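This report concerns only the one structure given below.
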Amino acid sequence: MAIEATVIENLIKEAFPDADVTVDGADGVHMSAVVCSSQFLGKSMIAQHRMVFAALKGKMDGPNGELHALALTTKTKEE
Amino acid sequence: MSDTIQSSIKETIETNDVVLYMKGTSSMPQCGFSSRIAGVLNFLNITWLDINVLADEDVRQGIKDFSDWPTIPQMYVKGEFVGGCDIITDMMLSGELDKLLETNNIEFDKDAADKVREANS
């Protein structure tokens, strides 16, 4: 049921080619990620987080989702 | 997606100023992320409604469908989705949460909010 940090990192990088991505967390179920991308410019924090969740393509969905929690920090390049 | 659940969620968030869909209850949170927001709301002395998603699997999935947001906790103010744990924490520390509460005429302890920021600066 768990998911590798590199898998998360690659999914995010696919959706945000310009992004700096750091994924942490050992158990593969409760992870944290810092994503820094120019695509976040001008977007609300909710919109920014939604974009990252969308990039994870269902990995977090429902009781069968592999990933239960992703503590998320999103930044634009300027921040 | 069950329409009954969706309309019951809509009614709950529209008839209560501040609602937190969480794992566990206000007095006994069962997840660290839920516990953090519940702690903030209680410390700020806000009147809020706790909905324990662990008590009802339909609500647990229903609230994720409702907001199109994959995680719990989820906080609602006056019927609007505000965010999950990261966003509320960020808003708490930046003062944005104060502004949101003030705009919506929701009473809270401003001194307590300042104390949280002082302790985390």
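Ligands are numbered from 1 in the order shown, chains are lettered A, B, ... in the order of the structure tokens, and residues start at 1 in each chain.
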Original post:
Quick one: which residues from chain A are at most 8 Å off chain B, using only C-alpha atoms, as a ChimeraX atom specification?
Top reply: /A:45-46,50,53,60-62,68-69,71-73
Subject >> Test item: residues at most 9 Å from B:Ser2, only C-alpha atoms, excluding those fewer than 4 positions along its chain, as an MDAnalysis selection string >> reply: chainID B and resid 6:7 58 62
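Within 7 Å of B:Gly24, once only C-alpha atoms are used and residues closer than 4 positions along the same chain are dropped, the contacting residues are B:Met28, B:Pro29, B:Gln30, B:Asn52, B:Leu54.
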**OP:** Based on DSSP run over this structure's backbone, return all residues of chain B in helix (DSSP H, G or I), as a VMD selection string.
**Re:** chain B and resid 3 to 15 32 to 43 53 to 55 57 to 67 85 to 94 96 to 103 110 to 119
**OP:** For B:Thr25, list every protein, DNA or RNA residue within 12 Å, evaluated using only C-alpha atoms, and leave out those in the same chain fewer than 2 positions away; present the list as a list of chain:residue names.
**Re:** B:Val19, B:Leu20, B:Tyr21, B:Met22, B:Lys23, B:Ser27, B:Met28, B:Pro29, B:Gln30, B:Cys31, B:Ser34, B:Ser35, B:Ile37, B:Ala38, B:Gly39, B:Asn42, B:Trp48, B:Leu49, B:Asp50, B:Ile51, B:Asn52, B:Val53, B:Leu54, B:Ala55, B:Pro73
Those residues with N, CA and C atoms, as a PDB file, in the first residue's frame please?
ATOM      1  N   VAL B  19     -17.006  24.716  10.549  1.00  0.00           N
ATOM      2  CA  VAL B  19     -17.116  23.257  10.640  1.00  0.00           C
ATOM      3  C   VAL B  19     -15.770  22.646  10.291  1.00  0.00           C
ATOM      4  N   LEU B  20     -15.366  21.661  11.086  1.00  0.00           N
ATOM      5  CA  LEU B  20     -14.144  20.914  10.759  1.00  0.00           C
ATOM      6  C   LEU B  20     -14.496  19.439  10.591  1.00  0.00           C
ATOM      7  N   TYR B  21     -14.300  18.928   9.360  1.00  0.00           N
ATOM      8  CA  TYR B  21     -14.394  17.489   9.124  1.00  0.00           C
ATOM      9  C   TYR B  21     -13.056  16.912   9.519  1.00  0.00           C
ATOM     10  N   MET B  22     -13.054  16.039  10.495  1.00  0.00           N
ATOM     11  CA  MET B  22     -11.803  15.596  11.094  1.00  0.00           C
ATOM     12  C   MET B  22     -11.850  14.114  11.466  1.00  0.00           C
ATOM     13  N   LYS B  23     -10.664  13.581  11.798  1.00  0.00           N
ATOM     14  CA  LYS B  23     -10.607  12.224  12.321  1.00  0.00           C
ATOM     15  C   LYS B  23     -10.604  12.323  13.839  1.00  0.00           C
ATOM     16  N   SER B  27     -12.634  16.977  21.366  1.00  0.00           N
ATOM     17  CA  SER B  27     -11.965  16.650  22.627  1.00  0.00           C
ATOM     18  C   SER B  27     -11.034  15.444  22.487  1.00  0.00           C
ATOM     19  N   MET B  28     -11.231  14.637  21.457  1.00  0.00           N
ATOM     20  CA  MET B  28     -10.333  13.498  21.252  1.00  0.00           C
ATOM     21  C   MET B  28     -10.005  13.276  19.772  1.00  0.00           C
ATOM     22  N   PRO B  29      -9.118  14.143  19.253  1.00  0.00           N
ATOM     23  CA  PRO B  29      -8.705  13.960  17.859  1.00  0.00           C
ATOM     24  C   PRO B  29      -7.923  12.661  17.717  1.00  0.00           C
ATOM     25  N   GLN B  30      -8.052  11.995  16.560  1.00  0.00           N
ATOM     26  CA  GLN B  30      -7.361  10.715  16.380  1.00  0.00           C
ATOM     27  C   GLN B  30      -6.346  10.752  15.245  1.00  0.00           C
ATOM     28  N   CYS B  31      -5.891  11.945  14.918  1.00  0.00           N
ATOM     29  CA  CYS B  31      -4.889  12.087  13.873  1.00  0.00           C
ATOM     30  C   CYS B  31      -4.175  13.411  14.127  1.00  0.00           C
ATOM     31  N   SER B  34      -5.557  16.506  12.151  1.00  0.00           N
ATOM     32  CA  SER B  34      -6.855  16.958  12.684  1.00  0.00           C
ATOM     33  C   SER B  34      -6.653  17.644  14.025  1.00  0.00           C
ATOM     34  N   SER B  35      -5.753  17.052  14.823  1.00  0.00           N
ATOM     35  CA  SER B  35      -5.496  17.571  16.162  1.00  0.00           C
ATOM     36  C   SER B  35      -4.945  18.992  16.099  1.00  0.00           C
ATOM     37  N   ILE B  37      -5.447  21.404  13.791  1.00  0.00           N
ATOM     38  CA  ILE B  37      -6.467  22.424  13.502  1.00  0.00           C
ATOM     39  C   ILE B  37      -7.445  22.547  14.667  1.00  0.00           C
ATOM     40  N   ALA B  38      -7.858  21.403  15.228  1.00  0.00           N
ATOM     41  CA  ALA B  38      -8.772  21.447  16.372  1.00  0.00           C
ATOM     42  C   ALA B  38      -8.139  22.263  17.497  1.00  0.00           C
ATOM     43  N   GLY B  39      -6.836  22.070  17.701  1.00  0.00           N
ATOM     44  CA  GLY B  39      -6.117  22.810  18.737  1.00  0.00           C
ATOM     45  C   GLY B  39      -6.163  24.306  18.494  1.00  0.00           C
ATOM     46  N   ASN B  42      -9.783  25.626  19.103  1.00  0.00           N
ATOM     47  CA  ASN B  42     -10.102  25.663  20.529  1.00  0.00           C
ATOM     48  C   ASN B  42      -9.310  26.751  21.244  1.00  0.00           C
ATOM     49  N   TRP B  48     -17.195  26.073  17.096  1.00  0.00           N
ATOM     50  CA  TRP B  48     -17.133  25.309  15.847  1.00  0.00           C
ATOM     51  C   TRP B  48     -17.727  23.924  16.022  1.00  0.00           C
ATOM     52  N   LEU B  49     -18.094  23.330  14.892  1.00  0.00           N
ATOM     53  CA  LEU B  49     -18.705  22.008  14.912  1.00  0.00           C
ATOM     54  C   LEU B  49     -17.699  20.969  14.421  1.00  0.00           C
ATOM     55  N   ASP B  50     -17.516  19.909  15.196  1.00  0.00           N
ATOM     56  CA  ASP B  50     -16.644  18.829  14.761  1.00  0.00           C
ATOM     57  C   ASP B  50     -17.466  17.703  14.149  1.00  0.00           C
ATOM     58  N   ILE B  51     -17.045  17.267  12.973  1.00  0.00           N
ATOM     59  CA  ILE B  51     -17.682  16.115  12.334  1.00  0.00           C
ATOM     60  C   ILE B  51     -16.617  15.023  12.242  1.00  0.00           C
ATOM     61  N   ASN B  52     -16.864  13.922  12.928  1.00  0.00           N
ATOM     62  CA  ASN B  52     -15.898  12.821  12.957  1.00  0.00           C
ATOM     63  C   ASN B  52     -16.124  11.891  11.764  1.00  0.00           C
ATOM     64  N   VAL B  53     -15.233  11.968  10.792  1.00  0.00           N
ATOM     65  CA  VAL B  53     -15.427  11.153   9.581  1.00  0.00           C
ATOM     66  C   VAL B  53     -15.180   9.671   9.843  1.00  0.00           C
ATOM     67  N   LEU B  54     -14.495   9.366  10.939  1.00  0.00           N
ATOM     68  CA  LEU B  54     -14.244   7.952  11.253  1.00  0.00           C
ATOM     69  C   LEU B  54     -15.534   7.248  11.685  1.00  0.00           C
ATOM     70  N   ALA B  55     -16.535   8.062  12.071  1.00  0.00           N
ATOM     71  CA  ALA B  55     -17.795   7.480  12.524  1.00  0.00           C
ATOM     72  C   ALA B  55     -18.695   7.111  11.353  1.00  0.00           C
ATOM     73  N   PRO B  73      -7.906  16.568   7.703  1.00  0.00           N
ATOM     74  CA  PRO B  73      -9.063  17.435   7.956  1.00  0.00           C
ATOM     75  C   PRO B  73      -9.374  18.441   6.835  1.00  0.00           C
TER      76      PRO B  73
END
Original post:
So, counting only C-alpha atoms, which residue among B:Val77, B:Ala119, B:Ala112, B:Leu101 is closest to B:Asp17?
Top reply: B:Val77
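The coordinates place atom CA of A:Ser44 at 20.9 Å from atom CA of A:Thr22.
Compared by their closest atoms to B:Ile5, and using only C-alpha atoms, the residues B:Leu100, B:Phe66, B:Arg36, B:Lys110 rank with B:Phe66 nearest.
Within the 12 Å cut-off around B:Arg117, using only C-alpha atoms and omitting residues fewer than 4 positions from it on the same chain, the listed residues are B:Val40, B:Leu44, B:Thr89, B:Asp90, B:Met91, B:Met92, B:Leu93, B:Ser94, B:Gly95, B:Glu96, B:Leu97, B:Asp98, B:Lys110, B:Asp111, B:Ala112, B:Ala113, B:Ser121.
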Requested write-out: C-alpha atoms of the selected residues, as a PDB file, in the first residue's frame:
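The file below, part_28.pdb, is the result:
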ATOM      1  CA  VAL B  40      -6.004  26.137  16.890  1.00  0.00           C
ATOM      2  CA  LEU B  44      -8.751  30.793  19.650  1.00  0.00           C
ATOM      3  CA  THR B  89      -1.485  26.483   9.720  1.00  0.00           C
ATOM      4  CA  ASP B  90      -0.066  28.890   7.157  1.00  0.00           C
ATOM      5  CA  MET B  91      -3.102  31.205   7.442  1.00  0.00           C
ATOM      6  CA  MET B  92      -2.881  31.109  11.228  1.00  0.00           C
ATOM      7  CA  LEU B  93       0.749  32.213  11.218  1.00  0.00           C
ATOM      8  CA  SER B  94       0.352  34.820   8.462  1.00  0.00           C
ATOM      9  CA  GLY B  95      -2.700  36.442  10.080  1.00  0.00           C
ATOM     10  CA  GLU B  96      -4.901  35.582   7.095  1.00  0.00           C
ATOM     11  CA  LEU B  97      -7.090  33.399   9.309  1.00  0.00           C
ATOM     12  CA  ASP B  98      -7.813  36.410  11.556  1.00  0.00           C
ATOM     13  CA  LYS B 110      -7.355  37.857  18.935  1.00  0.00           C
ATOM     14  CA  ASP B 111      -4.841  37.863  21.843  1.00  0.00           C
ATOM     15  CA  ALA B 112      -4.615  34.072  21.659  1.00  0.00           C
ATOM     16  CA  ALA B 113      -3.949  34.292  17.913  1.00  0.00           C
ATOM     17  CA  SER B 121       8.079  33.490  15.226  1.00  0.00           C
TER      18      SER B 121
END
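Minimum atom-to-atom distance to A:Val34, evaluated using only C-alpha atoms, belongs to A:Leu70 out of A:Ala2, A:Ala54, A:Leu70, A:Val7.
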**OP:** Using atom CA of A:Lys77 and atom CA of B:Asp114 as the two end points, give the distance in Å to one decimal.
**Re:** 29.4 Å
**OP:** Name the residues in contact with A:Asp27 at a cut-off of 10 Å, using only C-alpha atoms, excluding same-chain residues fewer than 6 positions from it; report them as a PyMOL selection string.
**Re:** chain A and resi 2-5+67
Written file, previous selection with C-alpha atoms, as a PDB file, in the first residue's frame:
ATOM      1  CA  ALA A   2       2.942   2.333   0.499  1.00  0.00           C
ATOM      2  CA  ILE A   3       4.536   4.455  -2.150  1.00  0.00           C
ATOM      3  CA  GLU A   4       8.186   5.366  -2.739  1.00  0.00           C
ATOM      4  CA  ALA A   5       9.283   8.966  -2.296  1.00  0.00           C
ATOM      5  CA  LEU A  67      -0.810   7.780   0.077  1.00  0.00           C
TER       6      LEU A  67
END
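For A:Lys75, the residues within 7 Å (counting only C-alpha atoms, excluding itself and residues fewer than 4 positions away along the chain) are Val35, Cys36, Ser37, Phe40 and Glu79 of chain A.
Atom CA of A:Asp20 is found 10.0 Å from atom CA of A:Ser38.
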